Amino acid sequence: MFGSCARLRHTVVLGGLFTLLSLLTISPSSRAEPSALDEAPPSKEEKPDTDKPKEKKPITVPAGTAMMVRTGDKVSSNDKAGRRFSATLEANLLAADEVVAKAGTQVYGQVIGSKKVGRGIVMQHSDLTLNLTQINIEGTMYPIQTGSFSEKSTGVILQRGSVTVPKGTLLEFELTQPLTVKK
């Protein structure tokens, strides 16, 4: 009886080893492929972060770039130096092939110099000098430096003329310093 118990134990042990060995020798081609459910969810590094605003890159408009603007206010040689005026870009402002500011973008300028010389029966002339000082790109004000727009007027005997730039006048300015914006 003791011999049959020992034999039974050997049989159970050998059966267990045989089962374990057969599980280990199953070929890889007969194993099931992992499914999408078996894979770990993507880490935070792999997911696009839509909550964080996109980092803006600097774009530089070179000095010498022309800016065509349409005045939003009347400006004249009767205005004092320092008076501000508004205008809008007539055409897109570009850096290479990239649009930095779209046509219609608000720009601001100021009267640099204005004077009326002479009165009465003597020869007279009026001078008006303007430049642009700021541009509003997507809600951010950027300082700009441009060359001047200058106009002179002369008249003879009893004329009290002044140089006037009416609202809606198209003027051309040139950047004298590069303009760098973040877009």
# chains A, B, ... in the order shown; residues from 1 in each chain; ligands from 1

call {"tool": "residues_around", "arguments": {"residues": "Phe149 in chain A", "least_positions_apart": "4", "cutoff": "9 Å", "atoms": "only C-alpha atoms", "output": "VMD selection string"}}
result
chain A and resid 128 to 131 171 to 173

call {"tool": "residues_around", "arguments": {"residues": "Val111 in chain A", "least_positions_apart": "4", "cutoff": "10 Å", "atoms": "only C-alpha atoms", "output": "compact mmCIF listing (two decimals) with C-alpha atoms, in the first residue's frame"}}
result
# COMPACT_ATOMS: atom_id res chain seq x y z
CA VAL A 75 -3.60 115.59 -40.03
CA SER A 76 -2.36 119.06 -40.94
CA SER A 77 0.45 121.51 -40.41
CA ASP A 79 -1.43 120.31 -35.58
CA LYS A 80 1.26 120.56 -32.94
CA ALA A 81 4.28 118.27 -32.89
CA GLY A 82 3.53 115.18 -30.82
CA ARG A 83 -0.11 114.87 -31.90
CA ARG A 84 -0.95 111.21 -32.46
CA PHE A 85 -2.93 109.88 -35.42
CA LEU A 128 4.26 118.74 -42.07
CA THR A 129 6.38 115.77 -41.02
CA LEU A 130 4.87 112.46 -39.81
CA ASN A 131 6.18 109.06 -38.78
CA LEU A 132 4.74 105.79 -37.49
CA SER A 148 9.23 110.33 -42.16
CA PHE A 149 6.52 111.43 -44.52

call {"tool": "closest_residue", "arguments": {"among": "A:Thr140, A:Ser153, A:Thr60, A:Thr164", "to": "Asp97 in chain A", "atoms": "only C-alpha atoms"}}
result
A:Thr60

call {"tool": "closest_residue", "arguments": {"among": "A:Gly72, A:Pro58, A:Pro53, A:Pro178", "to": "Thr146 in chain A", "atoms": "only C-alpha atoms"}}
result
A:Pro178

call {"tool": "residues_around", "arguments": {"residues": "Met67 in chain A", "least_positions_apart": "3", "cutoff": "8 Å", "atoms": "only C-alpha atoms", "output": "MDAnalysis selection string"}}
result
chainID A and resid 89 91 93 172:175

call {"tool": "residues_around", "arguments": {"residues": "Thr180 in chain A", "least_positions_apart": "3", "cutoff": "12 Å", "atoms": "only C-alpha atoms", "output": "list in words"}}
result
Lys56, Lys57, Pro58, Ile59, Thr60, Val61, Pro62, Ala63, Leu94, Ala95, Val100, Ala101, Ile135, Ile137, Met141, Tyr142, Pro143, Ile144, Gln145, Leu175, Gln177 and Lys183 of chain A

call {"tool": "write_last_selection", "arguments": {"atoms": "N, CA and C atoms", "output": "compact mmCIF listing (two decimals), in the first residue's frame"}}
result
# COMPACT_ATOMS: atom_id res chain seq x y z
N LYS A 56 5.07 80.87 -29.08
CA LYS A 56 5.19 81.77 -30.22
C LYS A 56 6.65 81.91 -30.62
N LYS A 57 6.88 81.94 -31.92
CA LYS A 57 8.25 82.09 -32.41
C LYS A 57 8.46 83.51 -32.91
N PRO A 58 9.66 84.06 -32.74
CA PRO A 58 9.92 85.42 -33.21
C PRO A 58 10.07 85.47 -34.73
N ILE A 59 9.48 86.51 -35.31
CA ILE A 59 9.58 86.77 -36.75
C ILE A 59 10.06 88.20 -36.89
N THR A 60 11.05 88.43 -37.74
CA THR A 60 11.61 89.77 -37.88
C THR A 60 11.35 90.32 -39.28
N VAL A 61 10.75 91.51 -39.31
CA VAL A 61 10.56 92.25 -40.55
C VAL A 61 11.79 93.15 -40.67
N PRO A 62 12.55 93.03 -41.76
CA PRO A 62 13.80 93.79 -41.84
C PRO A 62 13.60 95.30 -42.05
N ALA A 63 14.60 96.04 -41.62
CA ALA A 63 14.62 97.48 -41.90
C ALA A 63 14.60 97.65 -43.41
N LEU A 94 4.92 91.75 -44.58
CA LEU A 94 5.55 90.44 -44.73
C LEU A 94 6.98 90.43 -44.23
N ALA A 95 7.39 89.24 -43.74
CA ALA A 95 8.79 88.94 -43.46
C ALA A 95 9.07 87.69 -44.27
N VAL A 100 3.13 88.90 -41.29
CA VAL A 100 3.36 89.33 -39.91
C VAL A 100 2.14 90.11 -39.41
N ALA A 101 1.60 90.96 -40.26
CA ALA A 101 0.39 91.73 -39.93
C ALA A 101 -0.46 91.82 -41.19
N ILE A 135 2.45 99.56 -33.88
CA ILE A 135 1.55 98.70 -34.64
C ILE A 135 0.92 97.71 -33.68
N ILE A 137 -0.50 94.22 -33.37
CA ILE A 137 -0.56 92.91 -34.02
C ILE A 137 -1.17 91.92 -33.06
N MET A 141 0.80 95.60 -28.74
CA MET A 141 1.38 96.81 -29.33
C MET A 141 2.89 96.65 -29.44
N TYR A 142 3.41 96.88 -30.64
CA TYR A 142 4.86 96.82 -30.88
C TYR A 142 5.33 98.20 -31.30
N PRO A 143 6.43 98.69 -30.70
CA PRO A 143 6.98 99.97 -31.15
C PRO A 143 7.64 99.78 -32.52
N ILE A 144 7.49 100.76 -33.37
CA ILE A 144 8.16 100.72 -34.68
C ILE A 144 8.84 102.06 -34.93
N GLN A 145 9.87 102.01 -35.75
CA GLN A 145 10.57 103.22 -36.16
C GLN A 145 10.56 103.26 -37.67
N LEU A 175 10.37 101.12 -42.74
CA LEU A 175 10.95 100.79 -41.44
C LEU A 175 12.43 101.17 -41.44
N GLN A 177 14.23 100.55 -38.56
CA GLN A 177 14.77 99.53 -37.65
C GLN A 177 13.96 98.26 -37.88
N LYS A 183 4.82 85.33 -33.10
CA LYS A 183 3.59 84.80 -33.69
C LYS A 183 3.54 83.31 -33.50

call {"tool": "residues_around", "arguments": {"residues": "Gly104 in chain A", "least_positions_apart": "5", "cutoff": "10 Å", "atoms": "only C-alpha atoms", "output": "PyMOL selection string"}}
result
chain A and resi 69-70+87-92

call {"tool": "write_last_selection", "arguments": {"atoms": "N, CA and C atoms", "output": "PDB file, in the first residue's frame"}}
result
ATOM      1  N   VAL A  69       0.062 102.688 -45.598  1.00  0.00           N
ATOM      2  CA  VAL A  69      -1.002 102.880 -44.621  1.00  0.00           C
ATOM      3  C   VAL A  69      -2.023 103.877 -45.146  1.00  0.00           C
ATOM      4  N   ARG A  70      -3.256 103.733 -44.669  1.00  0.00           N
ATOM      5  CA  ARG A  70      -4.327 104.678 -44.986  1.00  0.00           C
ATOM      6  C   ARG A  70      -4.680 105.396 -43.688  1.00  0.00           C
ATOM      7  N   ALA A  87      -3.937 104.999 -38.305  1.00  0.00           N
ATOM      8  CA  ALA A  87      -3.975 104.578 -39.708  1.00  0.00           C
ATOM      9  C   ALA A  87      -4.127 103.062 -39.721  1.00  0.00           C
ATOM     10  N   THR A  88      -4.365 102.505 -40.885  1.00  0.00           N
ATOM     11  CA  THR A  88      -4.440 101.050 -41.038  1.00  0.00           C
ATOM     12  C   THR A  88      -3.533 100.616 -42.174  1.00  0.00           C
ATOM     13  N   LEU A  89      -2.991  99.402 -42.032  1.00  0.00           N
ATOM     14  CA  LEU A  89      -2.156  98.863 -43.107  1.00  0.00           C
ATOM     15  C   LEU A  89      -3.011  98.658 -44.351  1.00  0.00           C
ATOM     16  N   GLU A  90      -2.522  99.086 -45.463  1.00  0.00           N
ATOM     17  CA  GLU A  90      -3.234  98.917 -46.729  1.00  0.00           C
ATOM     18  C   GLU A  90      -2.963  97.539 -47.327  1.00  0.00           C
ATOM     19  N   ALA A  91      -1.791  96.991 -47.056  1.00  0.00           N
ATOM     20  CA  ALA A  91      -1.398  95.672 -47.580  1.00  0.00           C
ATOM     21  C   ALA A  91      -0.769  94.874 -46.441  1.00  0.00           C
ATOM     22  N   ASN A  92      -0.727  93.557 -46.596  1.00  0.00           N
ATOM     23  CA  ASN A  92      -0.094  92.698 -45.584  1.00  0.00           C
ATOM     24  C   ASN A  92       1.359  93.112 -45.377  1.00  0.00           C
TER      25      ASN A  92
END

call {"tool": "atom_distance", "arguments": {"atom1": "CA of Gly139 in chain A", "atom2": "CA of Val165 in chain A"}}
result
27.3 Å

call {"tool": "atom_distance", "arguments": {"atom1": "CA of Glu138 in chain A", "atom2": "CA of Ala66 in chain A"}}
result
20.2 Å
